[in-house]
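S.K.: Supplied structure: start07.cif, mmCIF, C-alpha atoms.
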data_start
#
loop_
_atom_site.label_atom_id
_atom_site.label_comp_id
_atom_site.auth_asym_id
_atom_site.auth_seq_id
_atom_site.Cartn_x
_atom_site.Cartn_y
_atom_site.Cartn_z
CA MET A 9 0.00 0.00 0.00
CA ILE A 10 1.11 3.55 -0.74
CA ILE A 11 -0.11 6.60 1.14
CA LEU A 12 0.80 9.74 -0.76
CA LYS A 13 0.49 13.21 0.72
CA ILE A 14 0.67 16.13 -1.68
CA GLY A 15 1.19 19.65 -0.45
CA GLY A 16 3.50 22.60 -0.57
CA ASN A 17 3.21 24.48 -3.85
CA ILE A 18 2.17 21.34 -5.76
CA LEU A 19 -1.52 22.13 -5.38
CA ASN A 20 -0.95 25.63 -6.79
CA MET A 21 1.12 24.48 -9.79
CA PRO A 22 -1.22 22.97 -12.41
CA ALA A 23 1.49 21.14 -14.36
CA ALA A 24 3.14 19.72 -11.23
CA LEU A 25 -0.23 18.70 -9.78
CA ALA A 26 -1.20 16.97 -13.04
CA GLU A 27 2.06 14.99 -12.96
CA ALA A 28 1.53 14.04 -9.32
CA LEU A 29 -2.01 12.83 -10.04
CA ASP A 30 -0.77 10.88 -13.08
CA TYR A 31 1.78 9.20 -10.81
CA PHE A 32 -0.78 8.44 -8.13
CA ALA A 33 -3.46 7.20 -10.53
CA ALA A 34 -0.97 4.75 -12.05
CA ILE A 35 -0.10 3.11 -8.72
CA GLU A 36 -0.94 -0.57 -8.84
CA GLY A 37 -2.81 -1.87 -5.85
CA GLU A 38 -4.19 -0.04 -2.87
CA ALA A 39 -3.39 3.63 -2.33
CA VAL A 40 -4.66 6.57 -0.30
CA LEU A 41 -4.21 10.23 -1.24
CA VAL A 42 -3.94 12.92 1.44
CA HIS A 43 -3.86 16.60 0.55
CA GLY A 44 -3.32 19.93 2.21
CA GLY A 45 -4.15 23.29 0.71
CA GLY A 46 -2.83 25.87 3.11
CA ARG A 47 -1.68 28.29 0.44
CA LYS A 48 -5.10 28.30 -1.21
CA ALA A 49 -6.69 28.83 2.19
CA ASP A 50 -4.28 31.71 2.87
CA ALA A 51 -5.30 33.33 -0.41
CA VAL A 52 -9.00 33.09 0.41
CA ILE A 53 -8.41 34.38 3.95
CA ALA A 54 -6.45 37.34 2.52
CA GLU A 55 -9.22 38.05 -0.01
CA MET A 56 -11.57 38.41 2.97
CA GLY A 57 -9.31 41.07 4.45
CA ARG A 58 -7.82 38.90 7.16
CA VAL A 59 -4.22 37.97 7.90
CA PRO A 60 -3.42 34.24 8.20
CA LYS A 61 -1.80 33.44 11.55
CA MET A 62 0.88 30.75 11.78
CA ILE A 63 3.21 29.65 14.58
CA ASP A 64 5.99 27.13 13.80
CA GLY A 65 4.20 26.07 10.64
CA ARG A 66 0.86 25.48 12.39
CA ARG A 67 -2.23 27.53 11.71
CA ILE A 68 -4.12 29.46 14.38
CA THR A 69 -7.74 28.55 13.59
CA ASP A 70 -10.45 30.83 14.94
CA ALA A 71 -14.13 30.21 14.16
CA LEU A 72 -14.17 32.11 10.86
CA THR A 73 -10.90 30.58 9.73
CA LEU A 74 -12.36 27.13 10.44
CA GLU A 75 -15.30 27.92 8.16
CA ILE A 76 -12.93 29.06 5.41
CA VAL A 77 -10.55 26.10 5.57
CA THR A 78 -13.49 23.67 5.68
CA MET A 79 -14.86 25.20 2.48
CA VAL A 80 -11.45 25.21 0.80
CA TYR A 81 -10.14 21.81 1.93
CA ALA A 82 -13.26 19.65 2.11
CA GLY A 83 -15.08 21.48 -0.67
CA LEU A 84 -13.08 23.01 -3.48
CA ILE A 85 -9.78 21.13 -3.32
CA ASN A 86 -11.03 17.70 -2.26
CA THR A 87 -13.82 17.55 -4.82
CA GLN A 88 -11.56 18.76 -7.63
CA LEU A 89 -8.92 16.13 -6.82
CA VAL A 90 -11.57 13.40 -6.82
CA ALA A 91 -12.80 14.61 -10.22
CA ASP A 92 -9.22 14.72 -11.54
CA LEU A 93 -8.61 11.13 -10.44
CA GLN A 94 -11.88 9.98 -12.01
CA ALA A 95 -10.68 11.54 -15.27
CA ARG A 96 -7.55 9.40 -14.97
CA GLY A 97 -9.51 6.19 -14.47
CA ARG A 98 -8.99 5.88 -10.72
CA ASN A 99 -12.30 5.58 -8.89
CA ALA A 100 -11.94 7.93 -5.93
CA ILE A 101 -14.04 9.08 -3.01
CA GLY A 102 -13.44 12.30 -1.11
CA LEU A 103 -13.54 12.22 2.67
CA SER A 104 -13.18 14.52 5.62
CA GLY A 105 -12.50 13.00 9.01
CA ALA A 106 -16.22 13.16 9.78
CA ASP A 107 -17.17 11.04 6.75
CA GLY A 108 -17.59 7.46 7.90
CA ASN A 109 -15.91 8.54 11.13
CA ALA A 110 -12.67 8.24 9.17
CA ILE A 111 -10.50 10.32 11.50
CA LEU A 112 -11.36 11.24 15.07
CA ALA A 113 -9.57 14.13 16.75
CA ARG A 114 -9.74 16.37 19.79
CA LYS A 115 -9.38 20.10 20.06
CA ARG A 116 -5.76 20.90 20.86
CA PRO A 117 -5.39 21.81 24.54
CA VAL A 118 -4.31 25.35 25.34
CA ASN A 119 -0.84 25.43 26.82
CA THR A 120 1.40 28.37 25.99
CA ILE A 121 -0.37 28.87 22.64
CA ASP A 122 -4.08 28.77 21.85
CA TYR A 123 -4.36 27.24 18.37
CA GLY A 124 -8.14 27.64 18.34
CA PHE A 125 -10.07 24.94 16.50
CA ALA A 126 -6.99 22.89 15.67
CA GLY A 127 -7.35 19.14 15.94
CA ASP A 128 -4.96 16.56 17.35
CA VAL A 129 -5.71 13.19 15.80
CA LEU A 130 -6.79 10.38 18.12
CA GLY A 131 -6.85 7.78 15.37
CA ALA A 132 -7.77 6.88 11.81
CA ASP A 133 -10.19 4.06 11.04
CA ALA A 134 -8.18 1.64 8.90
CA GLY A 135 -11.08 -0.82 8.98
CA MET A 136 -13.52 1.56 7.33
CA LEU A 137 -10.94 2.89 4.87
CA GLY A 138 -9.91 -0.66 4.08
CA LYS A 139 -13.50 -1.55 3.17
CA LEU A 140 -13.54 1.32 0.69
CA LEU A 141 -10.28 0.10 -0.81
CA LYS A 142 -11.62 -3.44 -1.12
CA ALA A 143 -14.67 -2.01 -2.89
CA GLY A 144 -12.37 -0.43 -5.47
CA LEU A 145 -12.63 3.10 -4.11
CA THR A 146 -9.52 5.21 -3.52
CA PRO A 147 -9.89 7.47 -0.45
CA VAL A 148 -8.88 11.10 -0.86
CA LEU A 149 -8.51 12.59 2.61
CA CYS A 150 -8.62 16.30 3.41
CA PRO A 151 -7.29 17.84 6.66
CA ILE A 152 -10.67 18.47 8.30
CA THR A 153 -11.44 16.16 11.23
CA HIS A 154 -14.08 16.04 13.97
CA ASP A 155 -14.31 15.31 17.68
CA GLY A 156 -17.30 12.96 17.60
CA GLN A 157 -19.46 15.61 19.28
CA GLY A 158 -20.26 17.65 16.18
CA GLN A 159 -17.23 19.95 16.25
CA LEU A 160 -15.15 20.18 13.08
CA LEU A 161 -11.42 20.73 13.52
CA ASN A 162 -8.57 21.89 11.31
CA THR A 163 -5.77 19.34 11.32
CA ASN A 164 -2.31 19.36 9.76
CA ALA A 165 -2.43 17.31 6.55
CA ASP A 166 0.93 15.68 7.31
CA THR A 167 -0.59 14.46 10.56
CA ILE A 168 -3.55 13.00 8.62
CA ALA A 169 -1.14 11.10 6.36
CA ASN A 170 0.96 9.98 9.29
CA GLU A 171 -1.91 8.74 11.44
CA THR A 172 -3.55 6.98 8.50
CA ALA A 173 -0.28 5.19 7.76
CA ILE A 174 0.10 4.18 11.40
CA ALA A 175 -3.46 2.83 11.51
CA PHE A 176 -2.85 0.65 8.45
CA ALA A 177 0.55 -0.48 9.76
CA ARG A 178 -1.06 -1.58 13.03
CA ALA A 179 -3.66 -3.46 10.99
CA GLY A 180 -0.84 -5.48 9.42
CA HIS A 181 -0.35 -3.66 6.11
CA ASP A 182 3.09 -3.29 4.55
CA LEU A 183 3.13 0.28 3.33
CA SER A 184 5.13 3.25 2.17
CA LEU A 185 4.28 6.76 3.33
CA ARG A 186 5.41 9.36 0.81
CA TYR A 187 5.31 13.13 1.19
CA CYS A 188 5.38 14.85 -2.20
CA PHE A 189 6.27 18.53 -2.34
CA GLU A 190 8.28 20.88 -4.56
CA PHE A 191 11.84 20.06 -3.40
CA PRO A 192 14.06 17.00 -4.05
CA GLY A 193 14.03 16.24 -0.33
CA VAL A 194 14.54 17.96 2.97
CA MET A 195 16.93 20.77 2.02
CA ARG A 196 19.98 22.25 3.66
CA ASP A 197 19.54 25.24 1.33
CA ILE A 198 16.32 25.66 -0.68
CA HIS A 199 18.29 27.65 -3.28
CA ASP A 200 20.67 24.73 -3.94
CA ALA A 201 18.93 21.80 -5.63
CA ASP A 202 21.82 19.47 -4.72
CA SER A 203 21.65 20.18 -0.99
CA TRP A 204 18.91 17.65 -0.15
CA ILE A 205 19.55 15.40 2.82
CA PRO A 206 19.47 11.67 1.88
CA ILE A 207 18.79 10.26 5.36
CA LEU A 208 17.48 11.79 8.56
CA THR A 209 17.74 10.14 11.97
CA PRO A 210 16.50 11.55 15.27
CA ALA A 211 20.03 12.73 16.07
CA THR A 212 20.67 14.48 12.75
CA TYR A 213 17.16 15.96 12.81
CA ALA A 214 17.81 17.47 16.24
CA ASN A 215 21.07 18.98 15.00
CA PHE A 216 19.46 20.50 11.90
CA LYS A 217 16.68 22.02 14.01
CA ALA A 218 19.17 23.44 16.50
CA ASP A 219 21.20 25.22 13.82
CA GLY A 220 18.12 26.48 11.96
CA THR A 221 18.63 24.38 8.82
CA ILE A 222 15.21 22.80 9.38
CA ALA A 223 12.52 25.23 10.51
CA GLY A 224 8.95 26.38 9.96
CA GLY A 225 6.55 24.00 8.25
CA MET A 226 9.17 21.26 7.87
CA ILE A 227 9.14 20.69 11.62
CA PRO A 228 5.57 19.33 11.91
CA LYS A 229 6.13 17.32 8.70
CA LEU A 230 9.23 15.64 10.10
CA ASP A 231 7.78 15.23 13.58
CA ASN A 232 5.01 13.24 11.92
CA ALA A 233 7.45 11.25 9.82
CA PHE A 234 9.48 10.18 12.84
CA THR A 235 6.32 9.24 14.71
CA ALA A 236 5.31 7.03 11.76
CA VAL A 237 8.56 5.08 11.55
CA ALA A 238 8.59 4.64 15.33
CA ALA A 239 5.08 3.15 15.09
CA GLY A 240 6.08 0.58 12.48
CA VAL A 241 5.44 2.25 9.12
CA GLY A 242 7.85 0.47 6.78
CA GLU A 243 9.06 3.42 4.76
CA VAL A 244 8.76 7.19 4.99
CA ARG A 245 10.15 9.18 2.08
CA ILE A 246 10.01 12.93 1.37
CA GLY A 247 10.71 14.58 -1.97
CA ASN A 248 9.41 15.93 -5.23
CA LEU A 249 7.80 13.73 -7.86
CA ALA A 250 11.03 13.10 -9.75
CA ALA A 251 12.76 12.01 -6.55
CA LEU A 252 9.92 9.73 -5.47
CA ARG A 253 9.74 8.10 -8.89
CA ALA A 254 13.48 7.42 -8.74
CA GLY A 255 13.34 6.03 -5.21
CA LEU A 256 15.24 9.05 -3.90
CA GLY A 257 14.30 11.93 -1.63
CA THR A 258 14.91 12.07 2.10
CA VAL A 259 14.38 8.80 3.94
CA VAL A 260 13.39 9.08 7.60
CA LYS A 261 14.84 6.34 9.80
CA ASN A 262 14.80 5.45 13.49
CA SER A 263 18.59 5.32 13.68
#
As structure tokens - that is how I would like this structure written.
M.R.:
Amino acid sequence: MIILKIGGNILNMPAALAEALDYFAAIEGEAVLVHGGGRKADAVIAEMGRVPKMIDGRRITDALTLEIVTMVYAGLINTQLVADLQARGRNAIGLSGADGNAILARKRPVNTIDYGFAGDVLGADAGMLGKLLKAGLTPVLCPITHDGQGQLLNTNADTIANETAIAFARAGHDLSLRYCFEFPGVMRDIHDADSWIPILTPATYANFKADGTIAGGMIPKLDNAFTAVAAGVGEVRIGNLAALRAGLGTVVKNS
């Protein structure tokens, strides 16, 4: 099984997105697509005269922002991706966390920062998603979850991919979790295409965070990746489409 998460600028680059969907649609066997859409959400928020608020790559989600990201993620982007996959011959079904109780979350507790209606995932339902896969339907998951009490929550898409991979790994599936974005891998210098890091371990990751090489939105992505490999996900790989096709990109390992 392959779980592919697409994000970064890919969703805003028509040619790159088309290539990524071609790649995904051609995967033989079971696959799950997870998408973000933060840049599109930022654009819509800005059009409404508001300023997007981020801390360490994580969005501050007030009530109005939640309404906007739900419309953008679960509506516009998710439905368009499903339609694009149907056009490529891959029968897909779009899901938020509330659909079929796919992903249950809780509102993030307030510690030093109040993230608003941000969701921390409690678990993905590999059983339900597996039934869809067996029925020939490819799940397309957006980063909107729910708490089981009627409250929608905004959740990091990398976390959705990570927790879905963990759920399937615990159910006995051999799988690869792949994060597809615009760079060849995790970069030492985003202006140098040859500066991607082939392998990251907890020790090297800590060093790169300490010296500022890895910062911002890469931190939650990699935190999720390390959680996945620690929980038994067979492979976690991060890179652009060319890297993933070639079996390259940054591989996240326990040691």
S.K.: Just the residues within 10 Å of Ile121 (chain A), please, counting only C-alpha atoms, with nothing from its chain fewer than 5 positions along; format it as a PyMOL selection string.
M.R.: chain A and resi 63+68+116
S.K.: Would you mind listing what lies within 6 Å of region 125-137 of chain A as a VMD selection string, with only C-alpha atoms counted and same-chain residues fewer than 3 positions away left out?
M.R.: chain A and resid 69 110 to 116 140 161 to 163 172 175 to 176
S.K.: With only C-alpha atoms as the atoms that count, which of A:Asp231, A:Glu190, A:Glu27, A:Asp202 lies nearest to Asn248 (chain A)?
M.R.: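 When distances to Asn248 (chain A) are compared using only C-alpha atoms, the smallest one comes from A:Glu190.
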S.K.: What separation in Å, quoted to one decimal, exists between CA of Pro192 (chain A) and CA of Val80 (chain A)?
M.R.: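 Answer for the CA of Pro192 (chain A) to CA of Val80 (chain A) separation: 27.2 Å.
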S.K.: Once the PyMOL selection byres ((chain A and resi 39) around 9) has been applied to the shown file, what residues remain in the selection, as a ChimeraX atom specification?
M.R.: /A:9-12,32-33,35-38,40-41,141,146-147
S.K.: Within 7 Å of (-14.7, 16.6, 6.2) (file coordinates; only C-alpha atoms), which protein or nucleic acid residues are there? I'd like them as a list in words.
M.R.: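 Here the neighbourhood of the point contains Ala82, Leu103, Ser104, Gly105, Ala106, Asp107, Cys150, Ile152 and Thr153 of chain A.
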S.K.: Point out the residue among A:Pro22, A:Gly193, A:Gly45, A:Gly220 with the least atom-to-atom distance to Met79 (chain A), counting all atoms listed in the file.
M.R.: A:Gly45
S.K.: To one decimal place in Å, what is the distance between CA of Ile76 (chain A) and CA of Phe189 (chain A)?
M.R.: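 Going from CA of Ile76 (chain A) over to CA of Phe189 (chain A) covers 23.2 Å.
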S.K.: For the provided coordinates, the residues matched by the PyMOL selection byres ((chain A and resi 238) around 12) should be stated as a VMD selection string.
M.R.: chain A and resid 170 to 171 173 to 174 177 to 178 209 to 210 231 to 237 239 to 244 260 to 263
S.K.: Taking only C-alpha atoms into account, name the residue in A:Leu256, A:Ile207, A:Ala143, A:Leu19 that is nearest to Gln88 (chain A).
M.R.: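 The closest residue to Gln88 (chain A) is A:Leu19.
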